[in-house]
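Colleague: Sharing a structure, written as structure tokens. Questions coming.
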Amino acid sequence: MRCEDAQPLLAHLAAGALDEPLRAELERHIRQCGKCRREYRALLRVGELLERATPLAPPRDLWPEVAAQLTPHRPRRAPLVPRLALPRWALAAALAVLLALGGFGLWVGHKAAAPPIAHALDEDAPYFVRWNAEAHLASAFSDHAAWSLVLEAVPEPPRERQS
Amino acid sequence: MDNKTANSAARGARSGRRTRATCLLLAALVALAAVVGGVYGLRRASEKRALELLLRACARQSPVIAEAVIRTKLATGWAERKARIEQRAGRRRTEFVEAGQRVVLLDDGQRRWRLEEKRHLATLLGPSQRLADSALFAKNYAVQTQGRETVAGHEALRLAVRCRRTGRIAFRVWVEPTRAVILRYDTFDAEGELAAQTVLVSADLTATPDEQRLSLPPDYRIVKPEQTTGTQMTPARFSSQADFSPRPPEELPRGYVWQGLYAYRCPHGRLYAEFRYTDGLRVLSVFERHPRGGGRGRGPAPTGERGRWGRAWRDRPGPPSSSAPVLIDSGLTKSLRQRRGDLVVVVTGDLSLRELVRVLLSVPEN
């Protein structure tokens, strides 16, 4: 038995409230440990002093004074959510995962299907494609064979000047 | 040993274990940072090499004579053509054969032309392709090497070009690394779907194209249609020559920069202003016109120089005021149209529908 285990039991030993096996073990420890032995003897002396003391009767008007200082007792409500027996780091990790999933869900929702757009005809539509394709051809990085095919497929503007 | 000394010894032991654990944790963090930094540095170096190879390939310096198959997504479906491609020293000739007609697209290093052999006609299309936007391209796109494959009998490095803004692949090219020749080019749209493909089915990387085939034939008649390239001008000049003042969009996708304002007149006589933007690869066009066609009755044409007005434009009513955006074309690019106050606005570009709507709605209504 260690001192940390014996210390709380010394008062019970002095009061004679321990079972036989525990009392024997504790007495074995006290025989070996000077600190616990001194403390046990001090407890025994306190007990002897208390037995010799004359009991005093409390005054009649003591209780109202004591009662006035007591706070009213409120029964403790059971928690709505039971406390989980999880370490703090596990709870923090679970919260982080939930936040990450929530953020991912928002991001996916943001990048989700394009807004519904109606189709319409515009007789100038091929020219927008052509003019935009012309601009693409000005970049050396674009596939100018593919953009040239786009130009071939859309109407060519009429010729205005010849030289 | 009494209890006080035993407790002190225990505390000292615990303190020592904590110090060792802290040192180990710090060492692990430093090692992790070093590994991450090393991986990042290697990746940046690899991207830089891939970009350099792509730049060399796009400069089209190496001679090539090849047969290719070209597929492009249009509003009406896919179009496919066979073509003969010849290139050398920054010049390129692409020859399509369709229904017995031979159409040649020629880039002579300074200008691009459409040649019609039967009629000996050369139509000016615009200036030659240039690498001027390579810095802007590198800022908005990351080039990564993905492996090696064989295309048209030549070993090629596969490069993926990813848009930094969207994270999606914009195009893939297969480049013969020694001569920096593009053997295959796959273009993807804003949604990541394949939208165009050019594949060389046979390529001779040793043959040198004939010099005459890469130059404008001297006996061809030259045609310069006004509507083809548009006329660049300032917004103020455009407003003085048209009866409306174009308004630029207030929101743009990240990475796009303004290239200029261009004036066009379509064959139906309608006058358009185009705010043109680019991210180094893709082009975003915001076309605007007056609902009834635009353009002054008898004033000079918006050419930036005095010239005749041209034929009268037809008076056609435009879409109702502040109507919802509508999709008027969807192929390699998409076009959205909406009436915005006193203007009809059409946004054309290779963006997602959501981004196109955003640009369109950001054009002020007055």
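Ordering of the structure tokens sets the chain letters (A, B, ...), residue numbers begin anew at 1 in every chain, and ligands are numbered from 1 in the order given.
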I need the contact residues of chain B against chain A, so if you could list those with any atom within 6 Å, counting only C-alpha atoms, and return them as an mmCIF file with N, CA and C atoms, in the first residue's frame, that would help.

Modeller:
data_model
loop_
_atom_site.group_PDB
_atom_site.id
_atom_site.type_symbol
_atom_site.label_atom_id
_atom_site.label_comp_id
_atom_site.auth_asym_id
_atom_site.auth_seq_id
_atom_site.Cartn_x
_atom_site.Cartn_y
_atom_site.Cartn_z
ATOM 1 N N CYS B 58 4.577 26.418 -79.662
ATOM 2 C CA CYS B 58 3.622 27.393 -80.196
ATOM 3 C C CYS B 58 4.304 28.409 -81.107
ATOM 4 N N THR B 72 -14.390 19.784 -84.404
ATOM 5 C CA THR B 72 -14.757 20.938 -83.599
ATOM 6 C C THR B 72 -16.229 20.891 -83.256
ATOM 7 N N GLN B 129 -0.633 35.067 -85.578
ATOM 8 C CA GLN B 129 -0.651 34.635 -84.188
ATOM 9 C C GLN B 129 0.633 35.092 -83.508
ATOM 10 N N ARG B 130 0.495 35.487 -82.238
ATOM 11 C CA ARG B 130 1.675 35.980 -81.562
ATOM 12 C C ARG B 130 1.745 35.407 -80.145
ATOM 13 N N LEU B 131 2.949 35.416 -79.640
ATOM 14 C CA LEU B 131 3.182 34.940 -78.280
ATOM 15 C C LEU B 131 3.233 36.103 -77.302
ATOM 16 N N ILE B 222 -6.561 40.649 -103.310
ATOM 17 C CA ILE B 222 -6.670 40.756 -101.846
ATOM 18 C C ILE B 222 -7.992 41.405 -101.473
ATOM 19 N N VAL B 223 -8.681 40.816 -100.536
ATOM 20 C CA VAL B 223 -9.968 41.325 -100.045
ATOM 21 C C VAL B 223 -9.840 41.632 -98.561
ATOM 22 N N LYS B 224 -10.344 42.820 -98.193
ATOM 23 C CA LYS B 224 -10.296 43.181 -96.764
ATOM 24 C C LYS B 224 -11.700 43.514 -96.290
ATOM 25 N N PRO B 225 -12.457 42.521 -95.874
ATOM 26 C CA PRO B 225 -13.820 42.829 -95.402
ATOM 27 C C PRO B 225 -13.761 43.616 -94.110
ATOM 28 N N VAL B 326 -30.852 34.969 -72.369
ATOM 29 C CA VAL B 326 -31.166 33.799 -73.187
ATOM 30 C C VAL B 326 -29.896 33.323 -73.871
ATOM 31 N N LEU B 327 -29.827 32.019 -74.099
ATOM 32 C CA LEU B 327 -28.675 31.413 -74.765
ATOM 33 C C LEU B 327 -28.953 31.393 -76.262
ATOM 34 N N ILE B 328 -28.080 32.055 -77.021
ATOM 35 C CA ILE B 328 -28.323 32.117 -78.462
ATOM 36 C C ILE B 328 -27.334 31.270 -79.254
ATOM 37 N N LEU B 353 -21.762 28.818 -67.790
ATOM 38 C CA LEU B 353 -22.978 29.639 -67.918
ATOM 39 C C LEU B 353 -23.110 30.597 -66.750
ATOM 40 N N ARG B 354 -22.743 30.107 -65.578
ATOM 41 C CA ARG B 354 -22.860 30.939 -64.377
ATOM 42 C C ARG B 354 -21.981 32.191 -64.495
#

Colleague: For Ala6 in chain A, find every residue with an atom within 9 Å (counting only C-alpha atoms), except residues of its own chain fewer than 6 positions away, and show them as number ranges by chain.

Modeller: A: 26, 29-30, 36

Colleague: Can you work out the spacing between CA of Ser62 in chain B and CA of Gly109 in chain B in Å, to one decimal?

Modeller: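 CA of Ser62 in chain B sits 13.7 Å away from CA of Gly109 in chain B.
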
Colleague: With distances taken over only C-alpha atoms, which residue among A:Leu10, A:Leu43, A:Leu98, A:Leu106 lies nearest Glu25 in chain A?

Modeller: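 For Glu25 in chain A, the nearest of the candidates is A:Leu10.
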
Colleague: Could you state the separation of CA of Leu51 in chain B and CA of Arg81 in chain B in Å, given to one decimal place?

Modeller: 29.3 Å

Colleague: Please compute the CA of Leu136 in chain B-CA of Gly280 in chain B distance, one decimal, in Å.

Modeller: 5.0 Å

Colleague: Find, counting only C-alpha atoms, the residue in B:Arg18, B:Arg148, B:Arg158, B:Arg213 that gets nearest to Glu95 in chain B.

Modeller: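 For Glu95 in chain B, the nearest of the candidates is B:Arg213.
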